[in-house]
Amino acid sequence: MDTKNNNIDRKEAIKRTGLLLGGVIFAPNILGVLKGCTATTGDWTPVLFSTSQANTVTALADVILPADDTPSASEVGVPQFIETMVNETYTEEQRDAFLSGLDKFAEDSRAELEVDYTEGTDEQRYEFTYFQNQTAVEEPPNGETPFILSFKELTMLGYFTSEAGATQVLRYEAVPGTYDGCMPLEEVGRTWAT
Amino acid sequence: MNLNLKAKQENTYDAIVVGTGISGGWAAKELTENGLNTLVLERGRNVEHVKDYPTMTKDPWELPRADQIPLEERKDYQKQMRTGYTIRESTKHWWVKDTDQPYEEEKRFDWIRGYHVGGRSIMWGRQSYRWSPMDFEANGKEGVAVDWPIRYEDVADWYTHVERFAGISGEALGLPQLPDSDFLPPWDLNCVEEELKASMAENFNRVLTIGRPANLSQAHNGRGTCMNRNLCSRGCPYGAYFSSNAATLPAAEATGNMTLRPHSIVNEVMYDEETGKATGVRVVDSESGEEIEFYSKIVFLNASTVGSTSILLNSRSDRFPDGMGNDSGELGHNMMDHHFRVGANGVWEGHQDEYYWGRRPTGFYIPRYRNIDSNDRDYIRGFGYQGSASRQGWQRGVQELAIGSELKELVSSPGNWTMGMTAFGEMLPDHSNRMYLNHDKTDKWGQPTVVFDVEFKDNEFKMREDMKNDAAEMLEAAGMKNVSTYDDPGGPGLGIHEMGTARMGRDPETSVLNGQNQVHNVPNVFVTDGSCMTSSACQNPSLTYMALTARAANFAAEELKKGNL
């Protein structure tokens with residue numbers, strides 16, 4: 001297979017995606033406040049991921065759910081959550097598939113961006129990730145869930161079961177007290193976390 | 001000699017109740033309130049209301065792994081996990097480890113259970129529906145299995161009795177096929193459920209109503225109002241749903257007549273050939289391994305369907321070589337459950353500006369409508385539906401193009417309303433559907449293990465066609481979009497409504513229990529859990545177990561006073 005041509009095709013596709021979405025894709029609020037930052041693993045010591053895998057996981061999780069008005073995925077511990085889930089709840093087969101998916105994501109992004117995913121600019125990371133996600137959503141392969149969607153789901157699961165995700169992006173009431181089956185959405189405001 | 005006499009005296013009670021789940025709790029309450037000095041035995045650990053609910057107030061972020069258990073631990077729960085919802089970090093302590101409690105399957109059978117004080121009354125679904133006159137009459141009219149020895153009128157007042165104590169919320173409808181309970185105020189339907197209700201009335205002349213859960217819509221008998229957390233299966237800090245721990249056992253305790261003994265595995269009901277009665281039970285202490293005998297005038301078996309049936313099968317004597325009360329050869333046979341996991345889902349595109357507040361502890365219910373006035377289907381009996389509508393949560397964002405802040409924004413507003421409904425169908429009793437004991441394979445307490453040989457049959461499979469197609473038809477008629485159906489029966493037992501293996505009947509030659517739940521030919525042994533059921537109807541069964549237990553316990557107490565037992 002001619003990977004170089006594939007890469008060119010992908011670059012072309014990303015450009016088209018950008019055009020299709022117009023200004024939205026480069027709007028500052030989408031890029032968040034991560035500009036210039038390279039994600040680090042903070043005080044988390046990975047037990048399953050290598051340092052480079054951990055860095056990719058952190059960077060990717062923060063592209064999927066960046067800091068803006070509310071915290072980023074890494075600020076609420078999502079990278080560590082992802083590692084725990086993969087390490088403790090996945091079968092060996094699922095774990096291997098996740099790790100090879102992660103490595104392939106890093107390789108593909110390096111080929112595409114010509115630097116490591118973690119070293120790319122915010123725009124580069126966003127575009128590459130957007131395209132990966134778009135391909136997986138619009139052209140789902142038969143059988144296994146594409147890596148990017150497994151990763152996205154884990155990221156969202158970790159984030160929206162965190163206190164910040166559940167209470168700041170979504171709405172959470174530990175003790176609702178009453179039940180009302182039909183009320184104006186604006187009175188609730190946001191999606192229920194549970 | 002004196003020491004033995006003293007020990008025997010200390011171990012002697014008026015009544016022994018085996019099991020502390022929904023029916024055992026009721027037996028304990030009614031017997032002790034009748035003044036009987038009652039020993040209540042439980043094979044598992046003690047669970048005190050509120051104090052022993054370790055996860056009841058945990059927020060999502062306080063549970064590791066988003067409430068999933070580690071792969072390593074899953075090995076212990078291979079069968080218990082078959083439901084897909086039972087084994088969570090927040091609930092795993094309520095379910096047995098299959099590695100400790102093995103059983104065998106000639107055919108797949110999902111025996112899902114918990115061993116502790118309160119049993120499955122802690123984790124039950126709480127849906128509480130009376131049976132109708134039609135349900136008690138069906139076997140006799142249709143010549144299926146054996147006739148029930150009782151009719152609705154025999155149980156009606158006992159339904160009222162248990163409902164007033166337990167607290168059942170719901171809407172009175174006056175339907176002959178689903179009699180009303182003595183209700184607390186109902187929960188509300190939500191906007192989209194109201195749409196389906198209106199369409200069903202208009203297009204099909206069928207009824208949709210709010211579910212009837214044993215949850216308190218207002219404070220009741222010293223227990224608190226439901227706070228709409230919908231975390232019931234972790235145990236409720238308000239005591240706002242019915243469980244043995246919150247309701248019946250405290251009432252029994254308050255009489256001063258109850259002795260509760262956890263860690264007590266009953267392996268046999270002891271029989272006296274001379275009197276023709278039981279003398280008590282033999283127990284293995286699950287912690288010390290010690291064998292202990294307890295004596296009583298009456299014994300109530302409430303160890304759950306499989307548990308009570310196992311005890312009877314294991315209670316062998318010269319008089320009953322095949323198990324106590326098994327003159328008929330029906331003991332262990334006629335296993336039933338409800339068959340379900342068939343129905344439809346759809347999307348409602350309107351009501352975008354409306355949402356709900358709170359997590360209601362129930363969904364809606366569609367009472368049975370098939371084969372009521374006449375049998376016009378290619379199967380007999382019928383089914384009801386349980387379902388609900390809700391708006392999609394953050395999960396819908398996974399399959400969307402959005403990432404980044406756009407993704408956060410997207411999922412912070414709820415998605416479309418979706419609705420799902422699942423049918424619960426009646427399963428016919430069939431002699432070939434059975435459980436039996438394997439004495440060659442024992443568990444770690446030296447007790448024989450259970451083997452299941454049960455399958456759904458023709459009537460169930462024919463019914464499932466209607467269960468599936470009717471659901472889709474009703475959703476489509478209401479204007480739902482993207483309606484899809486599913487049909488995955490799983491194994492019998494998955495409904496966790498296993499029943500029927502010591503059935504009631506009029507004739508000792510064809511049934512195990514009489515119309516008062518007494519073992520035929522052993523009048524001081526009563527069985528009032530699911531094993532007594534002669535047919536399964538399509539309603540959730542626990543309310544009927546409560547009513548039958550209260551009825552039998554009061555009968556037993558009276559007979560004892562009259563000197564008849």
# chains A, B, ... in the order shown; residues from 1 in each chain; ligands from 1
>>> residues_around(residues="Met474 of chain B", least_positions_apart="2", cutoff="9 Å", atoms="only C-alpha atoms", output="list in words")
Leu196, Ser199, Met200, Asn203, Phe204, Asn469, Asp470, Ala471, Ala472, Glu476, Ala477, Ala478, Gly479 and Met480 of chain B
>>> residues_around(residues="Glu354 of chain B", least_positions_apart="5", cutoff="10 Å", atoms="only C-alpha atoms", output="VMD selection string")
(chain A and resid 181 to 188) or (chain B and resid 190 to 192 391 414 417)
>>> write_last_selection(atoms="C-alpha atoms", output="PDB file, in the first residue's frame")
ATOM      1  CA  GLY A 181     -42.340  14.631  34.024  1.00  0.00           C
ATOM      2  CA  CYS A 182     -42.710  17.616  31.753  1.00  0.00           C
ATOM      3  CA  MET A 183     -41.209  21.022  32.447  1.00  0.00           C
ATOM      4  CA  PRO A 184     -39.524  23.738  30.354  1.00  0.00           C
ATOM      5  CA  LEU A 185     -36.012  22.707  29.366  1.00  0.00           C
ATOM      6  CA  GLU A 186     -34.728  26.154  30.264  1.00  0.00           C
ATOM      7  CA  GLU A 187     -35.664  25.546  33.895  1.00  0.00           C
ATOM      8  CA  VAL A 188     -33.336  22.544  33.986  1.00  0.00           C
TER       9      VAL A 188
ATOM     10  CA  ASN B 190     -43.510  12.416  31.100  1.00  0.00           C
ATOM     11  CA  CYS B 191     -44.465  14.419  27.994  1.00  0.00           C
ATOM     12  CA  VAL B 192     -43.666  11.738  25.461  1.00  0.00           C
ATOM     13  CA  ARG B 391     -33.973  12.405  26.413  1.00  0.00           C
ATOM     14  CA  PRO B 414     -30.227  16.943  25.865  1.00  0.00           C
ATOM     15  CA  TRP B 417     -36.627  11.965  23.234  1.00  0.00           C
TER      16      TRP B 417
END
>>> select_by_dssp(residues="segment 301-371 of chain B", states="helix (DSSP H, G or I)", output="ChimeraX atom specification")
/B:305-314
>>> write_last_selection(atoms="C-alpha atoms", output="compact mmCIF listing (two decimals), in the first residue's frame")
# COMPACT_ATOMS: atom_id res chain seq x y z
CA THR B 305 -38.01 -20.79 44.75
CA VAL B 306 -34.82 -22.71 44.12
CA GLY B 307 -33.71 -22.56 47.75
CA SER B 308 -36.95 -23.86 49.25
CA THR B 309 -37.31 -26.53 46.59
CA SER B 310 -33.73 -27.65 47.22
CA ILE B 311 -34.40 -27.94 50.96
CA LEU B 312 -37.51 -30.05 50.36
CA LEU B 313 -35.70 -32.25 47.83
CA ASN B 314 -32.91 -32.73 50.35
>>> residues_around(residues="segment 51-62 of chain A", least_positions_apart="2", cutoff="9 Å", atoms="only C-alpha atoms", output="ChimeraX atom specification")
/A:34,38-41,45-46,48-49,64-67,72-75,78-80,82-83,99,102-103,105-106,116-118,125-126,129,151-152,155-156 /B:404
>>> residues_around(residues="Gln134 of chain A", least_positions_apart="5", cutoff="9 Å", atoms="only C-alpha atoms", output="list in words")
Thr129 and Glu139 of chain A; Glu400, Leu401 and Ala402 of chain B
>>> closest_atom_pairs(of="chain A", to="chain B", cutoff="8 Å", atoms="only C-alpha atoms", output="tab-separated table")
residue	atom	partner	partner_atom	distance
A:Asn29	CA	B:Ser405	CA	6.7
A:Ile30	CA	B:Ser405	CA	4.8
A:Leu31	CA	B:Gly404	CA	7.1
A:Gly32	CA	B:Ser405	CA	7.1
A:Asp62	CA	B:Gly404	CA	7.8
A:Val63	CA	B:Gly404	CA	5.6
A:Ile64	CA	B:Gly404	CA	4.6
A:Leu65	CA	B:Gly404	CA	4.9
A:Pro66	CA	B:Gly404	CA	5.7
A:Ala67	CA	B:Ser405	CA	8.0
A:Asp68	CA	B:Ser405	CA	7.0
A:Phe81	CA	B:Arg65	CA	7.0
A:Thr84	CA	B:Arg65	CA	7.0
A:Met85	CA	B:Arg65	CA	6.1
A:Glu88	CA	B:Pro70	CA	5.0
A:Thr89	CA	B:Leu71	CA	4.6
A:Tyr90	CA	B:Leu71	CA	6.5
A:Thr91	CA	B:Leu71	CA	6.9
A:Tyr126	CA	B:Gly404	CA	7.9
A:Tyr130	CA	B:Ile403	CA	6.7
A:Asn133	CA	B:Leu401	CA	6.5
A:Gln134	CA	B:Leu401	CA	5.5
A:Val137	CA	B:Gln399	CA	5.7
A:Leu149	CA	B:Val398	CA	6.6
A:Lys152	CA	B:Val398	CA	6.3
A:Glu153	CA	B:Val398	CA	5.7
A:Met156	CA	B:Gln395	CA	7.8
A:Leu157	CA	B:Ala66	CA	7.3
A:Gly158	CA	B:Ala66	CA	7.0
A:Phe160	CA	B:Trp394	CA	7.7
A:Thr161	CA	B:Pro60	CA	5.4
A:Ser162	CA	B:Trp61	CA	4.9
A:Glu163	CA	B:Trp61	CA	5.9
A:Val169	CA	B:Ser412	CA	5.8
A:Leu170	CA	B:Ser412	CA	5.3
A:Glu173	CA	B:Gly358	CA	8.0
A:Ala174	CA	B:Arg229	CA	6.7
A:Val175	CA	B:Arg229	CA	5.7
A:Pro176	CA	B:Gly358	CA	5.0
A:Gly177	CA	B:Met227	CA	4.1
A:Thr178	CA	B:Gly358	CA	6.0
A:Tyr179	CA	B:Gly358	CA	4.7
A:Asp180	CA	B:Trp357	CA	5.0
A:Gly181	CA	B:Asn190	CA	3.9
A:Cys182	CA	B:Tyr356	CA	5.1
A:Met183	CA	B:Tyr355	CA	5.4
A:Pro184	CA	B:Glu354	CA	4.6
A:Leu185	CA	B:Glu354	CA	4.6
A:Glu186	CA	B:Asp353	CA	7.5
A:Val188	CA	B:Trp357	CA	7.3
A:Gly189	CA	B:Ser413	CA	7.7
A:Arg190	CA	B:Ser413	CA	5.2
A:Thr191	CA	B:Pro414	CA	4.7
A:Trp192	CA	B:Gly393	CA	6.9
A:Ala193	CA	B:Gly393	CA	7.2
>>> closest_residue(among="A:Thr70, A:Thr145, A:Ser109, A:Thr194", to="Gln124 of chain A", atoms="only C-alpha atoms")
A:Ser109
>>> closest_residue(among="B:Lys141, B:Arg341, B:Lys29, B:Arg130", to="Tyr159 of chain B", atoms="only C-alpha atoms")
B:Arg130
>>> select_by_dssp(residues="segment 157-316 of chain B", states="strand (DSSP E)", output="MDAnalysis selection string")
chainID B and resid 168:169 183:184 209:210 258:261 264:272 277:285 291:301
>>> residues_around(residues="Ala553 of chain B", least_positions_apart="2", cutoff="10 Å", atoms="only C-alpha atoms", output="short mmCIF file (atom, residue, chain, number, x, y, z; two decimals) with C-alpha atoms, in the first residue's frame")
data_model
loop_
_atom_site.label_atom_id
_atom_site.label_comp_id
_atom_site.auth_asym_id
_atom_site.auth_seq_id
_atom_site.Cartn_x
_atom_site.Cartn_y
_atom_site.Cartn_z
CA TRP B 26 -43.54 -11.12 55.64
CA ALA B 27 -43.68 -14.53 57.32
CA ALA B 28 -41.51 -13.18 60.15
CA LYS B 29 -43.72 -10.10 60.58
CA GLU B 30 -47.05 -11.89 60.55
CA LEU B 31 -45.97 -14.81 62.76
CA THR B 32 -44.32 -12.62 65.39
CA ASN B 34 -49.44 -13.23 66.13
CA ILE B 298 -44.33 -24.88 62.34
CA PHE B 300 -42.09 -21.60 56.88
CA GLN B 516 -53.10 -22.77 52.32
CA ASN B 517 -49.50 -23.31 51.14
CA PHE B 526 -45.59 -24.02 54.70
CA THR B 528 -44.94 -19.30 50.43
CA ALA B 547 -50.14 -11.64 49.93
CA LEU B 548 -49.91 -15.44 49.89
CA THR B 549 -47.35 -15.35 52.70
CA ALA B 550 -49.43 -13.09 54.93
CA ARG B 551 -52.46 -15.25 54.28
CA PHE B 555 -53.81 -19.25 58.82
CA ALA B 556 -50.91 -21.11 60.45
CA ALA B 557 -51.06 -18.98 63.58
CA GLU B 558 -54.80 -19.61 63.91
CA GLU B 559 -54.46 -23.32 63.36
#
>>> closest_residue(among="B:Ala537, B:Glu202, B:Pro492, B:Gln218", to="Ala138 of chain B", atoms="only C-alpha atoms")
B:Ala537
>>> atom_distance(atom1="atom CA of Phe456 of chain B", atom2="atom CA of Pro102 of chain B")
22.8 Å
>>> residues_around(residues="segment 371-388 of chain B", least_positions_apart="3", cutoff="6 Å", atoms="only C-alpha atoms", output="list in words")
Gly363, Phe364, Tyr365, Ile366, Pro367, Arg368, Met419, Gly420, Met421, Thr422, Ala423, Phe424, Gly425, Asn459 and Cys538 of chain B
